[in-house]
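Visitor: What follows is structure-v2.txt; its format and atoms are compact mmCIF, C-alpha atoms.
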# COMPACT_ATOMS: atom_id res chain seq x y z
CA MET A 1 0.00 0.00 0.00
CA TRP A 2 3.03 2.29 0.26
CA TRP A 3 3.03 2.07 -3.52
CA LEU A 4 -0.23 3.98 -3.55
CA LEU A 5 1.18 6.73 -1.38
CA ALA A 6 4.31 6.92 -3.52
CA THR A 7 2.26 7.06 -6.70
CA LEU A 8 0.02 9.81 -5.40
CA SER A 9 3.10 11.78 -4.41
CA VAL A 10 4.62 11.37 -7.88
CA LEU A 11 1.36 12.37 -9.52
CA TYR A 12 1.08 15.39 -7.26
CA LEU A 13 4.56 16.56 -8.20
CA LEU A 14 3.78 16.05 -11.87
CA GLY A 15 0.59 17.98 -11.56
CA THR A 16 2.20 20.96 -9.86
CA THR A 17 4.95 21.58 -12.40
CA ASN A 18 4.77 23.32 -15.73
CA ASN A 19 4.84 21.28 -18.93
CA SER A 20 4.21 17.99 -17.09
CA PHE A 21 1.87 16.96 -19.86
CA GLY A 22 3.16 19.32 -22.50
CA GLU A 23 0.93 22.14 -21.26
CA GLU A 24 1.17 25.03 -18.83
CA LYS A 25 -0.04 24.17 -15.34
CA PRO A 26 -3.78 24.94 -15.04
CA ASP A 27 -5.16 26.97 -12.15
CA ASN A 28 -8.72 26.03 -11.32
CA PRO A 29 -10.34 27.93 -8.45
CA GLU A 30 -11.56 24.71 -6.78
CA ALA A 31 -7.92 23.79 -6.09
CA HIS A 32 -7.97 26.47 -3.40
CA MET A 33 -11.37 25.59 -1.88
CA ASN A 34 -12.57 23.27 0.82
CA ILE A 35 -15.40 20.81 0.15
CA SER A 36 -18.23 23.13 1.18
CA GLN A 37 -16.81 25.92 -0.95
CA ILE A 38 -16.69 23.63 -4.00
CA ILE A 39 -20.33 22.67 -3.46
CA ALA A 40 -21.33 26.35 -3.21
CA TYR A 41 -19.15 27.28 -6.20
CA TRP A 42 -21.28 25.06 -8.45
CA GLY A 43 -24.51 26.52 -7.09
CA TYR A 44 -25.63 23.66 -4.82
CA PRO A 45 -26.87 23.94 -1.23
CA GLY A 46 -24.42 22.56 1.29
CA GLU A 47 -24.21 21.77 4.97
CA GLU A 48 -21.50 20.63 7.38
CA HIS A 49 -22.16 18.38 10.38
CA GLU A 50 -19.90 16.86 13.02
CA VAL A 51 -20.30 13.34 14.37
CA VAL A 52 -18.59 12.08 17.52
CA THR A 53 -17.68 8.40 17.53
CA GLU A 54 -17.78 6.13 20.57
CA ASP A 55 -13.98 6.43 20.93
CA GLY A 56 -14.01 10.21 20.72
CA HIS A 57 -13.09 11.04 17.12
CA VAL A 58 -14.94 13.98 15.58
CA LEU A 59 -15.83 13.40 11.94
CA LEU A 60 -16.92 16.01 9.44
CA LEU A 61 -19.90 15.18 7.24
CA ASN A 62 -20.65 17.18 4.10
CA ARG A 63 -24.22 17.26 2.85
CA ILE A 64 -25.98 18.32 -0.35
CA PRO A 65 -29.63 18.11 0.78
CA TYR A 66 -31.14 18.59 -2.67
CA GLY A 67 -30.28 19.50 -6.25
CA LYS A 68 -30.48 22.68 -8.24
CA ASN A 69 -33.98 22.00 -9.58
CA SER A 70 -35.51 20.97 -6.25
CA SER A 71 -37.36 23.07 -3.70
CA GLY A 72 -35.87 21.02 -0.90
CA LYS A 73 -39.33 20.35 0.52
CA GLY A 74 -40.37 16.89 1.58
CA PRO A 75 -38.17 13.94 2.54
CA LEU A 76 -35.79 12.68 -0.12
CA PRO A 77 -34.15 9.24 -0.23
CA VAL A 78 -30.75 9.30 1.46
CA VAL A 79 -27.41 8.29 -0.05
CA TYR A 80 -24.14 8.06 1.87
CA LEU A 81 -20.82 8.29 -0.02
CA GLN A 82 -17.58 7.03 1.56
CA HIS A 83 -14.20 7.92 0.05
CA GLY A 84 -11.08 5.79 -0.29
CA LEU A 85 -7.60 5.73 1.22
CA LEU A 86 -5.71 9.06 1.41
CA THR A 87 -8.63 11.04 0.03
CA ALA A 88 -11.73 12.79 1.37
CA ALA A 89 -15.38 13.57 0.71
CA SER A 90 -14.10 15.80 -2.08
CA ASP A 91 -13.73 12.58 -4.14
CA TRP A 92 -17.36 13.01 -5.11
CA VAL A 93 -17.34 16.69 -6.22
CA LEU A 94 -13.97 17.25 -7.96
CA ASN A 95 -15.17 16.77 -11.53
CA LEU A 96 -17.66 19.02 -13.30
CA PRO A 97 -21.24 18.71 -11.99
CA ASN A 98 -22.34 16.49 -14.88
CA ASN A 99 -19.63 13.97 -13.99
CA SER A 100 -19.42 14.21 -10.18
CA LEU A 101 -21.50 11.58 -8.42
CA ALA A 102 -22.60 13.77 -5.51
CA PHE A 103 -23.97 16.48 -7.80
CA MET A 104 -25.59 13.94 -10.10
CA LEU A 105 -27.33 12.24 -7.18
CA ALA A 106 -28.56 15.55 -5.79
CA ASP A 107 -30.01 16.52 -9.18
CA ALA A 108 -31.62 13.07 -9.44
CA GLY A 109 -33.60 13.74 -6.26
CA TYR A 110 -31.43 12.38 -3.46
CA ASP A 111 -30.29 13.76 -0.12
CA VAL A 112 -26.52 13.26 -0.39
CA TRP A 113 -24.19 12.82 2.59
CA MET A 114 -20.42 12.44 2.28
CA GLY A 115 -18.14 11.15 5.03
CA ASN A 116 -14.58 12.02 5.98
CA SER A 117 -12.65 9.20 7.64
CA ARG A 118 -10.81 9.83 10.88
CA GLY A 119 -7.39 11.31 10.34
CA ASN A 120 -8.00 12.89 6.97
CA ALA A 121 -7.64 16.66 6.53
CA TRP A 122 -11.22 17.36 7.64
CA SER A 123 -11.57 14.90 10.53
CA ARG A 124 -8.62 15.65 12.80
CA LYS A 125 -10.32 16.26 16.11
CA ASN A 126 -10.81 14.01 19.11
CA ILE A 127 -12.48 14.89 22.42
CA TYR A 128 -9.73 13.09 24.37
CA PHE A 129 -6.52 13.48 22.37
CA SER A 130 -4.84 16.19 20.32
CA PRO A 131 -3.59 15.28 16.83
CA ASP A 132 -0.14 16.12 18.22
CA LEU A 133 -0.31 13.02 20.43
CA PRO A 134 0.40 9.47 19.20
CA GLU A 135 -2.81 8.28 20.89
CA PHE A 136 -4.84 10.23 18.34
CA TRP A 137 -3.29 8.24 15.49
CA ALA A 138 -3.68 4.80 17.08
CA PHE A 139 -6.24 3.57 14.58
CA SER A 140 -6.64 1.73 11.32
CA PHE A 141 -9.57 0.91 9.08
CA ASP A 142 -10.69 -1.57 11.76
CA GLU A 143 -11.76 1.43 13.84
CA MET A 144 -13.34 3.10 10.82
CA ALA A 145 -15.58 0.05 10.42
CA LYS A 146 -16.23 -0.45 14.15
CA TYR A 147 -16.78 3.17 15.19
CA ASP A 148 -16.95 5.60 12.26
CA LEU A 149 -19.60 3.91 10.13
CA PRO A 150 -22.10 3.17 12.94
CA ALA A 151 -21.81 6.71 14.31
CA THR A 152 -22.15 8.25 10.86
CA ILE A 153 -25.02 6.12 9.58
CA ASN A 154 -27.00 6.44 12.81
CA PHE A 155 -26.49 10.21 12.82
CA ILE A 156 -27.69 10.57 9.22
CA LEU A 157 -30.80 8.45 9.78
CA GLU A 158 -31.66 10.35 12.94
CA MET A 159 -31.23 13.69 11.16
CA THR A 160 -33.34 12.68 8.16
CA GLY A 161 -35.96 10.54 9.86
CA HIS A 162 -35.27 7.61 7.53
CA GLU A 163 -34.82 4.01 8.58
CA GLN A 164 -32.47 3.06 5.73
CA LEU A 165 -30.06 4.62 3.26
CA TYR A 166 -28.04 3.71 0.17
CA TYR A 167 -24.29 3.30 0.65
CA VAL A 168 -21.67 4.01 -2.02
CA GLY A 169 -18.10 3.10 -1.14
CA TYR A 170 -14.98 3.62 -3.23
CA SER A 171 -11.88 1.48 -2.62
CA GLN A 172 -11.26 1.52 1.17
CA GLY A 173 -14.77 2.97 1.49
CA SER A 174 -16.04 -0.40 0.29
CA THR A 175 -13.61 -2.31 2.52
CA ILE A 176 -14.91 -0.80 5.75
CA ALA A 177 -18.46 -1.41 4.56
CA PHE A 178 -17.80 -5.13 4.00
CA MET A 179 -16.22 -5.27 7.47
CA ALA A 180 -18.94 -3.34 9.29
CA PHE A 181 -21.94 -4.93 7.61
CA SER A 182 -20.61 -8.47 8.08
CA THR A 183 -20.01 -8.01 11.82
CA ASP A 184 -22.85 -5.68 12.85
CA GLN A 185 -26.17 -6.99 11.55
CA SER A 186 -28.21 -4.23 13.20
CA LEU A 187 -26.17 -1.70 11.24
CA ALA A 188 -26.38 -3.75 8.05
CA TRP A 189 -30.18 -3.69 8.24
CA LYS A 190 -30.05 0.11 7.88
CA VAL A 191 -28.45 -0.15 4.41
CA LYS A 192 -30.71 -0.79 1.40
CA VAL A 193 -27.94 -1.55 -1.07
CA LEU A 194 -24.14 -1.34 -1.01
CA PHE A 195 -22.69 0.06 -4.23
CA ALA A 196 -18.97 -0.76 -4.30
CA LEU A 197 -16.57 0.96 -6.73
CA SER A 198 -13.18 -0.75 -7.08
CA PRO A 199 -14.06 -3.01 -4.14
CA ILE A 200 -11.24 -4.29 -1.94
CA ILE A 201 -11.19 -6.94 0.76
CA THR A 202 -7.82 -8.66 0.05
CA LEU A 203 -4.62 -7.58 -1.71
CA LYS A 204 -3.28 -11.03 -2.56
CA TYR A 205 -2.72 -10.25 -6.24
CA MET A 206 -1.91 -6.53 -6.05
CA THR A 207 1.19 -5.53 -8.03
CA SER A 208 3.53 -2.57 -7.62
CA PHE A 209 2.93 0.53 -9.69
CA LEU A 210 6.67 0.45 -10.40
CA SER A 211 6.09 -2.61 -12.56
CA ASN A 212 2.51 -1.83 -13.55
CA PHE A 213 1.61 1.71 -14.49
CA SER A 214 -2.10 0.91 -14.67
CA PHE A 215 -2.64 3.10 -11.62
CA PHE A 216 -2.48 6.21 -13.72
CA PRO A 217 -6.00 7.33 -14.74
CA LYS A 218 -6.52 6.79 -18.42
CA GLN A 219 -9.70 8.86 -18.40
CA MET A 220 -8.40 11.71 -16.23
CA LEU A 221 -9.16 15.29 -17.26
CA LYS A 222 -5.62 16.65 -17.19
CA SER A 223 -6.75 20.28 -17.05
CA ARG A 224 -8.03 19.54 -13.52
CA LEU A 225 -4.87 17.99 -12.11
CA ASP A 226 -4.46 20.83 -9.64
CA VAL A 227 -7.97 20.20 -8.29
CA TYR A 228 -7.45 16.46 -7.90
CA PHE A 229 -4.11 16.62 -6.16
CA SER A 230 -4.87 19.56 -3.90
CA HIS A 231 -7.46 17.31 -2.25
CA ILE A 232 -5.21 14.34 -1.54
CA SER A 233 -5.62 13.85 2.19
CA GLY A 234 -4.03 11.78 4.96
CA THR A 235 -4.46 8.90 7.35
CA SER A 236 -2.54 7.17 10.15
CA THR A 237 0.71 5.29 9.69
CA GLN A 238 -1.05 2.36 11.35
CA THR A 239 -3.59 2.28 8.50
CA MET A 240 -0.81 2.08 5.94
CA PHE A 241 0.94 -0.72 7.84
CA HIS A 242 -2.38 -2.52 8.19
CA TRP A 243 -2.72 -2.65 4.40
CA GLN A 244 0.82 -4.04 4.21
CA GLN A 245 0.07 -7.04 6.43
CA THR A 246 0.67 -10.39 4.82
CA THR A 247 -1.85 -12.09 7.10
CA PRO A 248 -4.77 -9.68 7.50
CA PRO A 249 -7.38 -9.94 10.26
CA PHE A 250 -10.16 -12.36 9.40
CA TYR A 251 -13.55 -10.97 8.46
CA ARG A 252 -16.33 -13.20 7.21
CA VAL A 253 -17.75 -11.23 4.29
CA GLU A 254 -19.93 -14.31 3.78
CA ASP A 255 -21.97 -12.96 6.72
CA MET A 256 -22.80 -9.69 4.94
CA LYS A 257 -26.40 -10.00 3.78
CA VAL A 258 -26.71 -6.45 2.37
CA PRO A 259 -27.43 -6.55 -1.40
CA ALA A 260 -24.23 -5.54 -3.17
CA ALA A 261 -23.63 -4.08 -6.64
CA LEU A 262 -19.98 -3.91 -7.72
CA TRP A 263 -17.97 -2.16 -10.43
CA SER A 264 -14.39 -3.32 -10.99
CA GLY A 265 -11.60 -2.31 -13.35
CA GLY A 266 -9.71 -4.57 -15.72
CA SER A 267 -6.57 -2.41 -15.42
CA ASP A 268 -6.74 -1.74 -11.69
CA PHE A 269 -3.45 -2.72 -10.04
CA MET A 270 -4.91 -2.39 -6.54
CA THR A 271 -7.89 -4.65 -7.18
CA PRO A 272 -6.81 -7.17 -9.85
CA SER A 273 -9.42 -9.47 -11.34
CA ASN A 274 -8.30 -12.42 -9.19
CA ASP A 275 -8.97 -10.51 -5.98
CA THR A 276 -12.32 -9.29 -7.28
CA GLU A 277 -13.34 -12.80 -8.32
CA ASN A 278 -12.45 -14.11 -4.85
CA LEU A 279 -14.62 -11.41 -3.30
CA LEU A 280 -17.53 -12.18 -5.62
CA ARG A 281 -17.40 -15.84 -4.67
CA ARG A 282 -17.56 -15.00 -0.96
CA LEU A 283 -20.33 -12.40 -1.00
CA PRO A 284 -23.74 -14.05 -0.50
CA ASN A 285 -25.96 -11.37 -2.03
CA VAL A 286 -24.33 -9.94 -5.15
CA ILE A 287 -27.05 -8.44 -7.31
CA TYR A 288 -24.83 -6.92 -9.98
CA HIS A 289 -21.23 -6.83 -11.18
CA LYS A 290 -19.74 -4.88 -14.05
CA LYS A 291 -16.10 -5.10 -15.07
CA ILE A 292 -14.78 -2.15 -17.06
CA PRO A 293 -11.70 -3.49 -18.91
CA SER A 294 -9.93 -0.15 -19.38
CA TYR A 295 -10.47 1.21 -15.87
CA THR A 296 -7.57 1.90 -13.50
CA HIS A 297 -7.96 2.53 -9.79
CA MET A 298 -8.54 6.28 -9.94
CA ASP A 299 -10.84 6.23 -12.99
CA PHE A 300 -13.77 5.40 -10.70
CA ILE A 301 -13.67 8.93 -9.24
CA TRP A 302 -11.58 10.96 -11.70
CA GLY A 303 -12.56 9.35 -15.00
CA MET A 304 -14.09 11.66 -17.58
CA ASP A 305 -16.49 8.91 -18.62
CA ALA A 306 -17.36 7.72 -15.10
CA SER A 307 -20.90 9.03 -15.49
CA GLU A 308 -21.47 6.90 -18.60
CA GLN A 309 -19.62 3.86 -17.29
CA ILE A 310 -20.95 3.86 -13.71
CA TYR A 311 -22.89 6.78 -12.26
CA ASN A 312 -25.91 6.88 -14.59
CA GLU A 313 -26.31 3.15 -14.15
CA LEU A 314 -25.94 3.37 -10.37
CA ILE A 315 -28.62 6.07 -10.15
CA GLN A 316 -30.92 4.06 -12.39
CA MET A 317 -30.50 1.07 -10.10
CA MET A 318 -31.46 3.18 -7.09
CA LYS A 319 -34.62 4.33 -8.83
CA GLN A 320 -35.63 0.84 -9.96
CA ASN A 321 -35.82 -2.59 -8.44
CA VAL A 322 -32.11 -3.38 -8.36
CA SER A 323 -32.72 -7.11 -8.05
CA ASN A 324 -33.86 -7.08 -11.68
CA PHE A 325 -30.40 -6.15 -12.94
CA PRO A 326 -28.46 -8.97 -14.62
CA MET A 327 -24.97 -10.03 -13.59
CA LEU A 328 -22.26 -8.93 -16.03
Using structure tokens, write down the structure from this file.

Guide:
Amino acid sequence: MWWLLATLSVLYLLGTTNNSFGEEKPDNPEAHMNISQIIAYWGYPGEEHEVVTEDGHVLLLNRIPYGKNSSGKGPLPVVYLQHGLLTAASDWVLNLPNNSLAFMLADAGYDVWMGNSRGNAWSRKNIYFSPDLPEFWAFSFDEMAKYDLPATINFILEMTGHEQLYYVGYSQGSTIAFMAFSTDQSLAWKVKVLFALSPIITLKYMTSFLSNFSFFPKQMLKSRLDVYFSHISGTSTQTMFHWQQTTPPFYRVEDMKVPAALWSGGSDFMTPSNDTENLLRRLPNVIYHKKIPSYTHMDFIWGMDASEQIYNELIQMMKQNVSNFPML
């Protein structure tokens, strides 16, 4: 998993120098904004909420309660979006509105909530420990699954008055969902469907980006490099070491009964086809799987054609009976 950090660092350096791609470095205003400012910049209503977990971490939630063409009156179905490793809720709003999942969902009539995992740039508070203390950073994605998701999901449902929500997880955002919903059945009941983008539960077949350059987004809009890389966030060293373990802790994803729809990439070095196939065999309630042969790991959130490849389909599945969708 250090390969991912190294790759992001290389990409960041490339994106912040002139002539990296034969062009002058772009300067998009969103590169200098926080998540709420980006939401407002594109003309959407936005809210910020803080959630306190059982072990004292304070997490920032970003919300787009309705779209541009909505009055905001009446309850709307709720969607929760969870970002991946080393990123933030900004994952879902960094492209243009017609190709950013959060904006698309809001315009489609959904109440959109976006989480920020403990330790990223927007969730660095704890009621017991300062971020300057090692105790603050004594966590991994185990704690994200055990504490962050229950606190977040329960908070959202209490705020909205709903009993269930849709969950969209990208990369590590899917990992903590598999962990939480397989071990906490009362929490799992509160999720209608889990939509997993580049789903990860094991890294048995992951290869180094040094020998496989498939990490690099093939569909990335290069004029927005400054936006993408200005929102690379952080996590604990313990999380990074956890991903490096050769013998990971055992979670029975076979116990996760939540209906799951998955999108995987054929050129994704972090989630190779063998790992995805192993996951598919273990999940008991897969309602849909689509493999996109050209997709690398970051194309799921930065890809220019992500709306055509994934997002439109995902929204359609929410609006219809998802169990009717065929396996691909």

Visitor: From the options A:Met304, A:Glu30, A:Leu96, A:Gly266, which residue's atoms come nearest to Lys222 (chain A), counting all atoms listed in the file?

Guide: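 Among the listed residues, A:Met304 lies closest to Lys222 (chain A).
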
Visitor: Taking all atoms listed in the file into account, which of A:Ala151, A:Ile38, A:Ile310, A:Leu133 comes nearest Val168 (chain A)?

Guide: A:Ile310

Visitor: If I take CA of Pro65 (chain A) and CA of Gly46 (chain A), how far is one from the other in Å, to one decimal?

Guide: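 Atom-to-atom, CA of Pro65 (chain A) and CA of Gly46 (chain A) are spaced 6.9 Å apart.
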
Visitor: Just give me the gap between CA of Ser100 (chain A) and CA of Leu59 (chain A) in Å, one decimal is fine.

Guide: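 Taking CA of Ser100 (chain A) and CA of Leu59 (chain A), their separation equals 22.4 Å.
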
Visitor: Find, counting all atoms listed in the file, the residue in A:Ser117, A:Gln316, A:Ser174, A:Ser140 that gets nearest to Ala260 (chain A).

Guide: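 Of the candidates, the smallest distance to Ala260 (chain A) is held by A:Ser174.
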
Visitor: Would you mind reading off the distance between CA of Tyr44 (chain A) and CA of Asp91 (chain A), one decimal, in Å?

Guide: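 Value for the CA of Tyr44 (chain A)-CA of Asp91 (chain A) distance: 16.3 Å.
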
Visitor: Name the closest residue to Leu81 (chain A) among the candidates A:Ile64, A:Ile39, A:Val112, A:Ala306; distances are taken between atoms, counting all atoms listed in the file.

Guide: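 Between A:Ile64, A:Ile39, A:Val112, A:Ala306, the residue approaching Leu81 (chain A) most closely is A:Val112.
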
Visitor: When distances are computed from only C-alpha atoms, which of A:Leu221, A:Val191, A:Ala145, A:Leu262 shows the smallest separation from Asn99 (chain A)?

Guide: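 Of A:Leu221, A:Val191, A:Ala145, A:Leu262, the one nearest Asn99 (chain A), counting only C-alpha atoms, is A:Leu221.
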
Visitor: Find the residues around Met220 (chain A) up to 9 Å (only C-alpha atoms counted), leave out those fewer than 2 positions away in its own chain, and share them as a PDB file with C-alpha atoms, in the coordinates of the input.

Guide:
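Okay, this is what ended up in part19.pdb:
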ATOM      1  CA  PHE A 216      -2.480   6.210 -13.720  1.00  0.00           C
ATOM      2  CA  PRO A 217      -6.000   7.330 -14.740  1.00  0.00           C
ATOM      3  CA  LYS A 218      -6.520   6.790 -18.420  1.00  0.00           C
ATOM      4  CA  LYS A 222      -5.620  16.650 -17.190  1.00  0.00           C
ATOM      5  CA  SER A 223      -6.750  20.280 -17.050  1.00  0.00           C
ATOM      6  CA  ARG A 224      -8.030  19.540 -13.520  1.00  0.00           C
ATOM      7  CA  LEU A 225      -4.870  17.990 -12.110  1.00  0.00           C
ATOM      8  CA  MET A 298      -8.540   6.280  -9.940  1.00  0.00           C
ATOM      9  CA  ASP A 299     -10.840   6.230 -12.990  1.00  0.00           C
ATOM     10  CA  TRP A 302     -11.580  10.960 -11.700  1.00  0.00           C
ATOM     11  CA  GLY A 303     -12.560   9.350 -15.000  1.00  0.00           C
ATOM     12  CA  MET A 304     -14.090  11.660 -17.580  1.00  0.00           C
ATOM     13  CA  ASP A 305     -16.490   8.910 -18.620  1.00  0.00           C
TER      14      ASP A 305
END

Visitor: May I ask which of the residues A:Asp268, A:Pro45, A:Ile153, A:Arg118 is the closest one to Leu85 (chain A), counting only C-alpha atoms?

Guide: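 The closest residue to Leu85 (chain A) is A:Arg118.
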
Visitor: Quick one: residues within 7 Å of Ser264 (chain A), all atoms listed in the file, excluding same-chain residues fewer than 3 positions away - as a list in words?

Guide: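 After dropping sequence-adjacent residues, the list is Leu197, Ser198, Pro199, Lys290, Lys291 and Ile292 of chain A.
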
Visitor: With all atoms listed in the file as the counted atoms, please give the residues lying no more than 7 Å from Gly84 (chain A), apart from itself and same-chain residues fewer than 6 positions off, as a list in words.

Guide: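 With the cut-off at 7 Å, the set is Tyr170, Ser171, Gln172 and Gly173 of chain A.
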
Visitor: Please produce a file of the residues just selected, as an mmCIF file, keeping the file's coordinate frame, where the atoms kept are C-alpha atoms.

Guide:
data_model
loop_
_atom_site.group_PDB
_atom_site.id
_atom_site.type_symbol
_atom_site.label_atom_id
_atom_site.label_comp_id
_atom_site.auth_asym_id
_atom_site.auth_seq_id
_atom_site.Cartn_x
_atom_site.Cartn_y
_atom_site.Cartn_z
ATOM 1 C CA TYR A 170 -14.980 3.620 -3.230
ATOM 2 C CA SER A 171 -11.880 1.480 -2.620
ATOM 3 C CA GLN A 172 -11.260 1.520 1.170
ATOM 4 C CA GLY A 173 -14.770 2.970 1.490
#

Visitor: Pick out the residues sitting within 10 Å of region 69-72 of chain A, and hand them over as JSON, numbers by chain; count only C-alpha atoms, and ignore anything fewer than 3 positions along from it in its own chain.

Guide: {"A": [44, 45, 65, 66, 75, 76, 106, 107, 108, 109, 110, 111]}

Visitor: Anything within 9 Å of (-22.0, -4.5, 7.3): list those residues as a ChimeraX atom specification, counting only C-alpha atoms and sticking to the file's coordinates.

Guide: /A:145,176-189,191,253,255-258

Visitor: Kindly export the residues of the current selection with C-alpha atoms, as an mmCIF file, keeping the file's coordinate frame.

Guide:
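Result file is again.cif:
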data_model
loop_
_atom_site.group_PDB
_atom_site.id
_atom_site.type_symbol
_atom_site.label_atom_id
_atom_site.label_comp_id
_atom_site.auth_asym_id
_atom_site.auth_seq_id
_atom_site.Cartn_x
_atom_site.Cartn_y
_atom_site.Cartn_z
ATOM 1 C CA ALA A 145 -15.580 0.050 10.420
ATOM 2 C CA ILE A 176 -14.910 -0.800 5.750
ATOM 3 C CA ALA A 177 -18.460 -1.410 4.560
ATOM 4 C CA PHE A 178 -17.800 -5.130 4.000
ATOM 5 C CA MET A 179 -16.220 -5.270 7.470
ATOM 6 C CA ALA A 180 -18.940 -3.340 9.290
ATOM 7 C CA PHE A 181 -21.940 -4.930 7.610
ATOM 8 C CA SER A 182 -20.610 -8.470 8.080
ATOM 9 C CA THR A 183 -20.010 -8.010 11.820
ATOM 10 C CA ASP A 184 -22.850 -5.680 12.850
ATOM 11 C CA GLN A 185 -26.170 -6.990 11.550
ATOM 12 C CA SER A 186 -28.210 -4.230 13.200
ATOM 13 C CA LEU A 187 -26.170 -1.700 11.240
ATOM 14 C CA ALA A 188 -26.380 -3.750 8.050
ATOM 15 C CA TRP A 189 -30.180 -3.690 8.240
ATOM 16 C CA VAL A 191 -28.450 -0.150 4.410
ATOM 17 C CA VAL A 253 -17.750 -11.230 4.290
ATOM 18 C CA ASP A 255 -21.970 -12.960 6.720
ATOM 19 C CA MET A 256 -22.800 -9.690 4.940
ATOM 20 C CA LYS A 257 -26.400 -10.000 3.780
ATOM 21 C CA VAL A 258 -26.710 -6.450 2.370
#

Visitor: Show me, as a compact mmCIF listing (two decimals) with C-alpha atoms, in the frame of the given file, the residues that have an atom within 12 Å of Glu54 (chain A) when counting all atoms listed in the file, minus same-chain residues fewer than 6 positions from it.

Guide:
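Listing of around04.txt after writing:
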# COMPACT_ATOMS: atom_id res chain seq x y z
CA ASN A 126 -10.81 14.01 19.11
CA ILE A 127 -12.48 14.89 22.42
CA TYR A 128 -9.73 13.09 24.37
CA GLU A 143 -11.76 1.43 13.84
CA MET A 144 -13.34 3.10 10.82
CA LYS A 146 -16.23 -0.45 14.15
CA TYR A 147 -16.78 3.17 15.19
CA ASP A 148 -16.95 5.60 12.26
CA LEU A 149 -19.60 3.91 10.13
CA PRO A 150 -22.10 3.17 12.94
CA ALA A 151 -21.81 6.71 14.31
CA THR A 152 -22.15 8.25 10.86
